[in-house]
Structures are given as C-alpha cells and as structure tokens.
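Each remark here refers to the structure printed beneath this line.
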Amino acid sequence: MVQERVSLADILPTVLEIVGVTPKQPVDGRSLFLRLQGQPLAPQALLFDVKWKRRIVGKALLDGPWKLISIEQNYEGLKDALQLYQVEQDPLEKTDLAQINPQQLEEMKKKLDQMVASYSEVVAPRNVLS
C-alpha cells in the first residue's frame, strides 16, 4: 500500500519502469516502482490545475501539511484570491490562514509560481515512446 501522496500523473512513469521502457521525452509524474517494492518515497509537492467552467478556475499546491489555493474566479464571485489551509489539522478546509500567516502564504505562492513555470503547456498529445 502507498501511503504517501501520489498523483495520477505517476501512473505512466511507473508502468514504463515496470515494463522496462525508457521514454524518449520527459513525462510528468514520477515512478512509484521502488515504493511498490517497499522503499519510501521522498516527499513531493502536488500541483493542481482546475478549470471547471461556471464553478472554479484556479490552481492549488499541496505541500506537506499546507495547501495553497489560487482562485482566478469561482461561483461565489471570488477573483484573484489566495487561500491557505493546514490540511492535516483542517482537512475540510474551514479555516483560511492566509491573513494570519502571510510568511507561509508568500512561501507557498512562490513555490506554486515556480512549479507552474516549470511545466510546459501541453498543446497536443505526444508519443513519449518514439
């Protein structure tokens, strides 16, 4: 059983490693092969990009006990808002800590921006095997 945070993006690199195929191009995610053999995973921040029209458009970063939500717009009328939660203590995200923890907010925002900048925009499906 994998108890660490993982992403659906981790499935492709895991399957490729299991079958012994090296991708010709970089792929998103990381292989969970060693974890499936009982070795621990290094902690990894997870990036979420949400575009649910008429509901919410934004991004989120889950890193350790912290979750930053960057809302471009949502159904409640919020625009360009940042919300910060300590998800291990507040799993239902009821208490926004952005105002009372500006240092953590700034650190998470910087990390979110760096992660977003590191991902190239996918314009078309690509064949990573050829």
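Chain labels run A, B, ... following the order of the structure tokens; each chain numbers its residues from 1, and ligands are numbered from 1 in the order shown.
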Inset, instruction - Mind checking which residues fall within 9 Å of Ile11 (chain A), counting only C-alpha atoms, ignoring those fewer than 4 positions away in the same chain, and posting them as a PyMOL selection string? - result: chain A and resi 7+15-16+29-32
Legend entry - Selection: 9 Å around Gly64 (chain A), only C-alpha atoms, excl. self and same-chain fewer than 4 positions, as a list in words: Pro43, Gln44, Ala45, Gln86, Val87 and Glu88 of chain A
Next, dump the selected residues to file, keeping only N, CA, C and O atoms, as a tab-separated table (two decimals), in the first residue's frame.
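Okay, out.tsv is ready:
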chain	number	residue	atom	x	y	z
A	43	PRO	N	9.18	13.06	-0.02
A	43	PRO	CA	8.01	13.94	-0.08
A	43	PRO	C	8.03	14.76	-1.37
A	43	PRO	O	9.10	15.15	-1.86
A	44	GLN	N	6.86	15.00	-1.90
A	44	GLN	CA	6.74	15.75	-3.15
A	44	GLN	C	5.51	16.63	-3.10
A	44	GLN	O	4.44	16.19	-2.70
A	45	ALA	N	5.66	17.87	-3.50
A	45	ALA	CA	4.52	18.77	-3.60
A	45	ALA	C	3.68	18.37	-4.81
A	45	ALA	O	4.22	17.90	-5.81
A	86	GLN	N	-4.04	24.48	6.55
A	86	GLN	CA	-3.17	23.46	7.10
A	86	GLN	C	-4.01	22.18	7.12
A	86	GLN	O	-4.75	21.91	8.06
A	87	VAL	N	-3.90	21.40	6.05
A	87	VAL	CA	-4.84	20.32	5.79
A	87	VAL	C	-4.76	19.16	6.76
A	87	VAL	O	-5.74	18.44	6.92
A	88	GLU	N	-3.64	18.96	7.40
A	88	GLU	CA	-3.56	17.87	8.38
A	88	GLU	C	-4.40	18.19	9.61
A	88	GLU	O	-4.99	17.30	10.21
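Take the candidates A:Glu72, A:Phe33, A:Glu4, A:Lys67 and check each one against Leu92 (chain A) using only C-alpha atoms; the shortest distance goes to A:Lys67.
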If you take only C-alpha atoms and a cut-off of 12 Å, which residues of region 41-99 of chain A touch region 106-109 of chain A, and what are their nearest atom pairs and distances in Å to one decimal, in chain and number order, as a tab-separated table?
residue	atom	partner	partner_atom	distance
A:Ala45	CA	A:Met108	CA	10.3
A:Leu46	CA	A:Met108	CA	11.8
A:Leu47	CA	A:Met108	CA	11.3
A:Lys59	CA	A:Lys109	CA	10.5
A:Ala60	CA	A:Lys109	CA	9.5
A:Leu61	CA	A:Met108	CA	7.5
A:Leu62	CA	A:Met108	CA	9.0
A:Asp63	CA	A:Met108	CA	8.2
A:Gly64	CA	A:Met108	CA	10.8
A:Pro65	CA	A:Met108	CA	11.4
A:Trp66	CA	A:Met108	CA	8.2
A:Lys67	CA	A:Met108	CA	8.1
A:Leu68	CA	A:Met108	CA	6.4
A:Ile69	CA	A:Lys109	CA	9.1
A:Ser70	CA	A:Lys109	CA	8.3
A:Ile71	CA	A:Lys109	CA	11.9
A:Ala81	CA	A:Lys109	CA	11.5
A:Leu82	CA	A:Lys109	CA	8.6
A:Gln83	CA	A:Lys109	CA	10.1
A:Leu84	CA	A:Met108	CA	8.6
A:Tyr85	CA	A:Met108	CA	10.8
A:Gln86	CA	A:Met108	CA	11.8
A:Leu97	CA	A:Glu106	CA	11.9
A:Ala98	CA	A:Glu106	CA	9.1
A:Gln99	CA	A:Glu106	CA	10.9
Inset, instruction - Could you please write out, as a VMD selection string, every residue of chain A that DSSP assigns to strand (DSSP E)? - result: chain A and resid 46 to 52 56 to 63 66 to 74 79 to 86
Legend entry - Point-to-point distance in Å for CA of Phe48 (chain A) and CA of Leu8 (chain A):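 Between these atoms lies a distance of 11.1 Å.
Distances here use only C-alpha atoms; by that measure, the residue among A:Thr14, A:Asn74, A:Gln39, A:Gln25 closest to Ile56 (chain A) is A:Asn74.
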Inset, instruction - Taking the chain letters and numbering used in this document, name the residues of chain A that DSSP puts in helix (DSSP H, G or I), as a PyMOL selection string. - result: chain A and resi 8-19+33-36+102-118
Inset, instruction - Have a look at CA of Gly20 (chain A) and CA of Arg35 (chain A) and let me know their distance in Å, one decimal. - result: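 Value for the CA of Gly20 (chain A)-CA of Arg35 (chain A) distance: 16.3 Å.
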Legend entry - Who sits within 12 Å of Glu76 (chain A), only C-alpha atoms, same chain under 6 positions skipped, as a ChimeraX atom specification: /A:54-57
Inset, instruction - Record the distance separating CA of Gly38 (chain A) and CA of Ala9 (chain A), expressed in Å with one decimal. - result: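 Distance reported for this atom pair: 20.2 Å.
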Inset, instruction - Could you check which of A:Pro40, A:Gly58, A:Pro26, A:Pro91 is closest to Gln73 (chain A), using only C-alpha atoms? - result: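 Using only C-alpha atoms, Gln73 (chain A) sits closest to A:Gly58.
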